[in-house]
Every structure is written in structure tokens, then in C-alpha cells.
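*Asks:* Sharing a structure with you now.
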Amino acid sequence: MKTDHELLDAFAPTGTLRASINLGNPILANSHPDTGAPGGVSVDLATELARRLDVKLELVVFKSAGESVNAVAAEQADVGFFAIDPLRGEQIAFTAPYVVIEGAYLVRDDSPITRMEEVDRAGQRVVVGKGSAYDLYLTREIKHAELFRAPTSPAVVDTFVKENMEVAAGVKQQLQADAQRLGGLRLLDGHFMLIRQAMGVPKRRGAKASAYLAAFVEAMKKSGFVAEALARHTIPGAAVAPLLSSFAEEALQAAKDAAPELPRALLVEKVPADWLDRLVKYDCVALNINQKDATRELIDAVHAAGYRIAAWTVNDPERARLLLDWGIDGIFTDELAAIRPAA
């Protein structure tokens with residue numbers, strides 16, 4: 001996808017790409033222990049996006065997810081790195097997730113709580129990071145226990161210990177590190193949610209910007225960039241997010257019911273007239289079509305509706321080049337060696 005003046009104005013209206021960086025989630029970013037400079041997977045992705053857009057990069061750093069989200073929603077930053085959540089989605093256009101991580105519970109070694117199902121009970125207090133994805137999720141889901149909010153996610157376990165609470169909730173890796181640091185603590189088996197980490201752009205920047213960002217994230221996953229960044233920054237337990245795709249709509253419904261946090265795509269032999277209704281029904285993020293049915297008009301319509309579109313099976317380099325010029329987000333091929341130069 002070629003950059004143009006309209007796209008540059010959408011991403012960098014000040015002439016610089018301002019990326020909102022949240023230091024409250026160790027999966028996303030951390031401060032260097034000696035220099036204090038931010039680094040991590042999100043910084044790597046921001047740097048690569050700025051390189052592709054051929055603009056300067058400014059990192060706008062925050063201590064909590066809530067502050068980072070608010071900056072992008074208020075357009076004080078141009079892009080950000082967040083967990084997908086319906087409330088945040090009111091003002092921010094999200095890509096599909098690039099990483100999936102676990103939200104876990106931590107208790108004391110001598111706690112009578114041994115299973116996830118025992119957390120949401122009257123009289124129990126659960127500490128979360130204010131404004132985090134799991135705060136938003138548990139605010140909707142917890143019915144009996146009482147939620148308490150630490151100022152940031154890294155402060156959750158210290159608050160839990162200081163206030164003698166029953167449960168701490170957070171990103172699994174952060175809880176594991178705190179349990180090792182403090183001792184006498186253990187994580188409950190399993191997870192209460194899978195946190196879908198994605199990139200986002202203010203919705204007011206338009207469909208073209210959100211489509212470009214969505215395609216960028218998919219390219220970073222497919223190329224191995226995200227996996228390499230996770231390994232380089234030594235982030236165990238985080239997985240590059242898959243995209244579940246099927247011709248069988250009952251399979252998409254089953255996937256939606258069993259793993260709603262994982263992104264889905266509707267795979268079709270022929271593009272149905274009601275393709276948008278079906279994408280909405282199965283909460284899909286993309287439409288995967290026969291390359292013979294691909295047109296510039298269809299690609300533009302799918303993007304305008306806020307979805308991504310890919311074509312199968314493209315083995316002709318000239319056809320691949322044309323589809324990419326039209327703005328297709330991805331292609332399926334049996335001839336990778338021949339198609340790679342076109343991409």
C-alpha cells in the first residue's frame with residue numbers, strides 16, 4: 001500500500017508520528033534500567049510504522065493504559081498500543097491483535113482460594129490496575145466480589161500486599177515477576193481472560209488510515225517481525241495472535257462462542273450480497289475472497305465498512321501486484337517465491 005498526502009495527513013498531521021507508549025504493561029514496553037529510554041515490542045512497531053510512512057517519530061510515554069488510551073482518543077497522539085475493548089472502541093479504530101496474553105489472578109500461598117471460580121464471591125476484594133483492559137473487563141463481569149483500583153498495573157501487587165486484599169488481577173507476566181520478587185504468593189491456574197493487544201488510531205482520522213494500520217499489523221505478524229520482537233525483548237508466554245478463517249459459518253459461530261477474544265475472518269467461494277451482515281453476525285475482522293471476485297470497488301467498500309480483505313489463491317505476480325495496488329490487505333498463494341517480489 002503506497003503512502004500519499006491524505007494518508008500522511010491522517011497519521012502525522014503535525015509532520016511527526018506521535019506514538020502513545022504505555023509503560024504499565026511489560027508486554028508492550030519498559031524503561032531501560034540505565035537510560036530510562038522506552039523500549040519493547042510497541043516501540044519497535046512504532047519505529048517501523050514511522051519508517052514506512054517516511055516521517056519522524058515521537059514517543060509519547062505514559063505510566064498507565066488509561067492515560068495512553070485517553071491521549072489517542074483526544075488526538076494528543078496519533079497511534080497507540082492497547083488491549084481491544086468495546087468502551088475504548090467508541091473513539092479508537094483497532095487493528096486485529098498482534099499479540100494475545102493472559103489475564104491472571106494472584107493470591108497468597110495460604111489463601112483458601114484455589115480456583116478461578118472462587119474469586120467472584122461476596123466479601124472478597126480484587127485489585128486491578130485503573131483503566132487497564134482487565135479493569136474494564138472485570139468491571140463488566142464481576143458480580144459479587146469488590147474491585148479496588150491501583151493507580152497503575154505495576155502497582156497492583158504492592159497495593160494488594162499493603163492493603164491485605166484477597167486477590168490481585170493483572171497481566172500474567174507482571175504477576176509472575178511480582179510473586180518471585182516478594183515471595184509467599186502464587187498464581188491461580190488458567191486465565192480469566194485473553195487480552196488482545198492491538199494498535200489503534202483515532203476514528204476521526206478516517207477509514208483509509210485504519211485500513212492502512214490494519215494491513216501494517218498483519219504484515220508485521222506474517223513477516224515474523226512481531227515474533228522476533230517478542231524473542232528479542234525476552235517476553236515469555238505471549239503469542240502472536242492468529243486469524244481464524246473458515247468457509248463454514250457454523251465453525252465461525254463455534255469459534256466466536258469458544259474463543260471470542262481471537263479474531264475471525266469469513267472465507268467465501270463467492271462474495272454474497274449480504275457480506276457485511278455476515279461479518280457483523282460472526283464479529284469478524286476480515287473478508288477472505290476468491291481473487292477472481294476482487295475489484296477495486298469491493299476492496300474500497302470493505303475498507304469503508306471498517307474491515308480488512310484478503311484474496312485467495314493468487315499465483316500470478318501481475319495479478320498480485322494489481323491487487324496490492326488496489327489496496328488488498330493480504331493474498332494467499334502457492335507460489336511464494338514468485339509472488340514475494342510483487343509484494
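If you're wondering about the labels, chains in the C-alpha cells are A, B, ... by order shown, residues count from 1 in each chain, ligands from 1 in order shown.
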Could you list, as a list of chain:residue names, every residue within 8 Å of Ile339 of chain A, counting only C-alpha atoms and ignoring same-chain residues fewer than 6 positions away?
*Replies:*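 Surrounding residues, per the criterion: A:Asn315, A:Asp316, A:Pro317, A:Ala320, A:Thr333.
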*Asks:* How would the residues just chosen look if you wrote them out with all heavy atoms as a PDB file, in the first residue's frame?
*Replies:*
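See part.pdb below for the written result:
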ATOM      1  N   ASN A 315      -1.490 -16.817  -7.683  1.00  0.00           N
ATOM      2  CA  ASN A 315      -0.196 -17.376  -8.071  1.00  0.00           C
ATOM      3  C   ASN A 315       0.465 -16.620  -9.210  1.00  0.00           C
ATOM      4  O   ASN A 315       1.579 -16.949  -9.605  1.00  0.00           O
ATOM      5  CB  ASN A 315      -0.355 -18.850  -8.470  1.00  0.00           C
ATOM      6  CG  ASN A 315      -0.712 -19.728  -7.281  1.00  0.00           C
ATOM      7  OD1 ASN A 315      -0.312 -19.442  -6.150  1.00  0.00           O
ATOM      8  ND2 ASN A 315      -1.474 -20.778  -7.512  1.00  0.00           N
ATOM      9  N   ASP A 316      -0.227 -15.603  -9.730  1.00  0.00           N
ATOM     10  CA  ASP A 316       0.298 -14.785 -10.821  1.00  0.00           C
ATOM     11  C   ASP A 316       0.855 -13.480 -10.254  1.00  0.00           C
ATOM     12  O   ASP A 316       0.114 -12.703  -9.646  1.00  0.00           O
ATOM     13  CB  ASP A 316      -0.808 -14.490 -11.822  1.00  0.00           C
ATOM     14  CG  ASP A 316      -0.369 -13.576 -12.949  1.00  0.00           C
ATOM     15  OD1 ASP A 316       0.858 -13.388 -13.121  1.00  0.00           O
ATOM     16  OD2 ASP A 316      -1.241 -13.026 -13.655  1.00  0.00           O
ATOM     17  N   PRO A 317       2.158 -13.225 -10.429  1.00  0.00           N
ATOM     18  CA  PRO A 317       2.753 -11.997  -9.868  1.00  0.00           C
ATOM     19  C   PRO A 317       2.079 -10.713 -10.352  1.00  0.00           C
ATOM     20  O   PRO A 317       1.933  -9.778  -9.566  1.00  0.00           O
ATOM     21  CB  PRO A 317       4.214 -12.065 -10.329  1.00  0.00           C
ATOM     22  CG  PRO A 317       4.475 -13.512 -10.534  1.00  0.00           C
ATOM     23  CD  PRO A 317       3.189 -14.082 -11.042  1.00  0.00           C
ATOM     24  N   ALA A 320      -1.106 -10.326  -8.443  1.00  0.00           N
ATOM     25  CA  ALA A 320      -0.779  -9.934  -7.073  1.00  0.00           C
ATOM     26  C   ALA A 320      -0.445  -8.446  -7.006  1.00  0.00           C
ATOM     27  O   ALA A 320      -0.896  -7.735  -6.096  1.00  0.00           O
ATOM     28  CB  ALA A 320       0.389 -10.768  -6.557  1.00  0.00           C
ATOM     29  N   THR A 333      -1.204 -17.609  -1.447  1.00  0.00           N
ATOM     30  CA  THR A 333      -0.525 -18.077  -2.637  1.00  0.00           C
ATOM     31  C   THR A 333       0.111 -19.436  -2.415  1.00  0.00           C
ATOM     32  O   THR A 333       0.459 -19.795  -1.282  1.00  0.00           O
ATOM     33  CB  THR A 333       0.554 -17.074  -3.091  1.00  0.00           C
ATOM     34  OG1 THR A 333       1.138 -17.542  -4.317  1.00  0.00           O
ATOM     35  CG2 THR A 333       1.646 -16.922  -2.042  1.00  0.00           C
TER      36      THR A 333
END
*Asks:* Please provide as a list in words all residues within 8 Å of Gly306 of chain A, with the sequence filter that same-chain residues fewer than 4 positions apart are discarded (counting only C-alpha atoms).
*Replies:*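 Using only C-alpha atoms, the neighbours found are Ala207, Ser210, Ala211 and Val302 of chain A.
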*Asks:* Show me, as a list in words, the residues that have an atom within 6 Å of segment 106-112 of chain A when counting only C-alpha atoms, minus same-chain residues fewer than 2 positions from it.
*Replies:* Val167, Ala168, Gly184, Leu185, Arg186 and Leu187 of chain A
*Asks:* Pick out the closest residue to Gly330 of chain A from this set: A:Glu318, A:Thr295, A:Ala305, A:Ile289. Count only C-alpha atoms.
*Replies:*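 The closest residue to Gly330 of chain A is A:Ile289.
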*Asks:* Using 10 Å as the limit and counting only C-alpha atoms, can you tabulate each residue of segment 109-218 of chain A that touches segment 22-36 of chain A, with its shortest atom-to-atom distance in Å and the two atoms involved, as a Markdown table?
*Replies:*
| residue | atom | partner | partner_atom | distance |
| --- | --- | --- | --- | --- |
| A:Gly129 | CA | A:Gly24 | CA | 8.7 |
| A:Ser132 | CA | A:Gly24 | CA | 8.8 |
| A:Pro151 | CA | A:Gly24 | CA | 10.0 |
| A:Thr152 | CA | A:Gly24 | CA | 6.2 |
| A:Ser153 | CA | A:Gly24 | CA | 5.4 |
| A:Pro154 | CA | A:Gly24 | CA | 5.9 |
| A:Ala155 | CA | A:Gly24 | CA | 8.9 |
| A:Gly170 | CA | A:Asn25 | CA | 9.3 |
| A:Val171 | CA | A:Asn25 | CA | 7.4 |
| A:Lys172 | CA | A:Ile27 | CA | 9.8 |
| A:Gln173 | CA | A:Pro26 | CA | 7.6 |
| A:Gln174 | CA | A:Pro26 | CA | 6.7 |
| A:Gln197 | CA | A:Leu28 | CA | 8.5 |
*Asks:* Tell me, which residues of segment 127-250 of chain A carry DSSP helix (DSSP H, G or I), written as a CSV table (one decimal) with C-alpha atoms, in the first residue's frame?
*Replies:*
chain,number,residue,atom,x,y,z
A,133,ALA,CA,-8.2,-3.8,29.8
A,134,TYR,CA,-8.8,-6.3,32.7
A,135,ASP,CA,-10.2,-3.5,34.8
A,136,LEU,CA,-12.8,-2.8,32.1
A,137,TYR,CA,-13.4,-6.5,31.6
A,138,LEU,CA,-13.8,-7.3,35.3
A,139,THR,CA,-16.0,-4.2,35.9
A,140,ARG,CA,-18.5,-5.9,33.5
A,141,GLU,CA,-18.0,-9.4,34.7
A,153,SER,CA,-0.8,-2.0,36.6
A,154,PRO,CA,2.7,-2.4,38.0
A,155,ALA,CA,1.4,-1.1,41.4
A,156,VAL,CA,-1.3,-3.8,41.7
A,157,VAL,CA,0.6,-6.4,43.7
A,158,ASP,CA,2.2,-3.9,46.1
A,159,THR,CA,-1.3,-2.5,46.7
A,160,PHE,CA,-2.7,-6.0,47.2
A,161,VAL,CA,0.0,-6.7,49.8
A,162,LYS,CA,-0.2,-3.3,51.6
A,172,LYS,CA,0.3,-12.9,33.9
A,173,GLN,CA,4.0,-12.0,33.3
A,174,GLN,CA,3.8,-9.0,35.7
A,175,LEU,CA,2.1,-11.1,38.4
A,176,GLN,CA,4.8,-13.8,38.0
A,177,ALA,CA,7.6,-11.3,38.3
A,178,ASP,CA,6.0,-9.7,41.4
A,179,ALA,CA,5.4,-13.2,43.0
A,180,GLN,CA,9.1,-14.0,42.5
A,181,ARG,CA,10.1,-10.6,43.9
A,182,LEU,CA,8.0,-10.7,47.0
A,203,LYS,CA,-11.6,7.1,14.4
A,204,ARG,CA,-11.7,10.7,13.3
A,205,ARG,CA,-8.6,10.0,11.1
A,207,ALA,CA,-11.2,4.6,7.1
A,208,LYS,CA,-8.1,4.9,5.0
A,209,ALA,CA,-5.8,5.4,8.0
A,210,SER,CA,-7.4,2.5,9.9
A,211,ALA,CA,-7.2,0.2,6.9
A,212,TYR,CA,-3.5,1.0,6.4
A,213,LEU,CA,-2.8,0.4,10.1
A,214,ALA,CA,-4.7,-2.9,9.9
A,215,ALA,CA,-2.7,-4.0,6.9
A,216,PHE,CA,0.6,-2.9,8.6
A,217,VAL,CA,-0.1,-5.1,11.7
A,218,GLU,CA,-1.0,-8.1,9.5
A,219,ALA,CA,2.3,-7.6,7.6
A,220,MET,CA,4.3,-7.4,10.8
A,221,LYS,CA,2.8,-10.7,12.0
A,222,LYS,CA,3.2,-12.5,8.7
A,225,PHE,CA,8.6,-9.1,12.9
A,226,VAL,CA,6.3,-9.4,16.0
A,227,ALA,CA,7.6,-12.9,16.9
A,228,GLU,CA,11.2,-11.7,16.6
A,229,ALA,CA,10.5,-8.6,18.7
A,230,LEU,CA,8.9,-10.8,21.5
A,231,ALA,CA,12.0,-13.0,21.4
A,232,ARG,CA,14.4,-10.1,21.3
A,249,GLU,CA,-20.2,-20.3,9.1
A,250,GLU,CA,-21.1,-22.7,11.8
*Asks:* When DSSP works through the backbone of this structure, what residues of segment 104-273 of chain A end up as strand (DSSP E or B), shown as a ChimeraX atom specification?
*Replies:* /A:104-108,125-129,146-150,167-171,185-187,193-202,239-240,244-246,264-267
*Asks:* Give me the residues within 9 Å of Ser246 of chain A as a PyMOL selection string, counting only C-alpha atoms and dropping any in the same chain fewer than 5 places off.
*Replies:* chain A and resi 251-252+264-268
*Asks:* Output the selection as a PDB file, in the first residue's frame - N, CA and C atoms for each residue.
*Replies:*
ATOM      1  N   ALA A 251     -18.728 -22.988  11.872  1.00  0.00           N
ATOM      2  CA  ALA A 251     -17.423 -23.028  12.524  1.00  0.00           C
ATOM      3  C   ALA A 251     -17.046 -21.661  13.070  1.00  0.00           C
ATOM      4  N   LEU A 252     -17.373 -20.610  12.334  1.00  0.00           N
ATOM      5  CA  LEU A 252     -17.117 -19.256  12.827  1.00  0.00           C
ATOM      6  C   LEU A 252     -17.940 -18.972  14.075  1.00  0.00           C
ATOM      7  N   ARG A 264     -11.576 -13.343  13.774  1.00  0.00           N
ATOM      8  CA  ARG A 264     -12.118 -14.273  12.791  1.00  0.00           C
ATOM      9  C   ARG A 264     -12.250 -13.592  11.433  1.00  0.00           C
ATOM     10  N   ALA A 265     -12.217 -14.420  10.370  1.00  0.00           N
ATOM     11  CA  ALA A 265     -12.433 -13.931   9.009  1.00  0.00           C
ATOM     12  C   ALA A 265     -13.438 -14.842   8.315  1.00  0.00           C
ATOM     13  N   LEU A 266     -14.329 -14.254   7.527  1.00  0.00           N
ATOM     14  CA  LEU A 266     -15.289 -15.006   6.740  1.00  0.00           C
ATOM     15  C   LEU A 266     -14.645 -15.360   5.401  1.00  0.00           C
ATOM     16  N   LEU A 267     -14.525 -16.652   5.125  1.00  0.00           N
ATOM     17  CA  LEU A 267     -13.908 -17.161   3.902  1.00  0.00           C
ATOM     18  C   LEU A 267     -15.031 -17.594   2.960  1.00  0.00           C
ATOM     19  N   VAL A 268     -15.084 -17.048   1.741  1.00  0.00           N
ATOM     20  CA  VAL A 268     -16.207 -17.303   0.841  1.00  0.00           C
ATOM     21  C   VAL A 268     -15.730 -17.750  -0.536  1.00  0.00           C
TER      22      VAL A 268
END
*Asks:* Near Leu49 of chain A, within 9 Å and counting only C-alpha atoms, which residues show up once chain neighbours fewer than 5 positions away are dropped, as a list of chain:residue names?
*Replies:*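 Neighbouring residues, sequence-local ones excluded: A:Leu17, A:Asp44, A:Asp54, A:Val55, A:Leu57, A:Leu213, A:Phe216.
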*Asks:* What lies within 7 Å of segment 72-75 of chain A using only C-alpha atoms, ignoring chain neighbours under 3 positions off, as JSON, numbers by chain?
*Replies:* {"A": [20, 68, 69, 78, 79, 80, 91, 92, 201, 202]}
*Asks:* What is the distance between atom CA of Asp4 of chain A and atom CA of Ile21 of chain A, in Å to one decimal?
*Replies:*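 Atom CA of Asp4 of chain A sits 25.6 Å away from atom CA of Ile21 of chain A.
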*Asks:* Have a look at atom CA of Ala104 of chain A and atom CA of Asp120 of chain A and let me know their distance in Å, one decimal.
*Replies:*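 Value for the atom CA of Ala104 of chain A-atom CA of Asp120 of chain A distance: 13.5 Å.
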*Asks:* Taking into account only C-alpha atoms, which residue in the set A:Ile113, A:Val126, A:Leu243, A:Ala337 is nearest to Asn288 of chain A?
*Replies:*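 Looking only at the distances to Asn288 of chain A, the closest residue turns out to be A:Leu243.
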*Asks:* Looking at only C-alpha atoms, which of A:Leu298, A:Pro38, A:Tyr105, A:Pro272 is the one that sits closest to His191 of chain A?
*Replies:*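 Checking each candidate against His191 of chain A, we get A:Tyr105 as the closest.
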*Asks:* Which is closest to Phe11 of chain A among A:Leu323, A:Val60, A:Val119, A:Ala50, if we use only C-alpha atoms?
*Replies:* A:Ala50
*Asks:* Tell me which of A:Lys256, A:Arg196, A:Arg115, A:Arg296 sits closest to Asp283 of chain A, counting only C-alpha atoms.
*Replies:*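 Among the listed residues, A:Lys256 lies closest to Asp283 of chain A.
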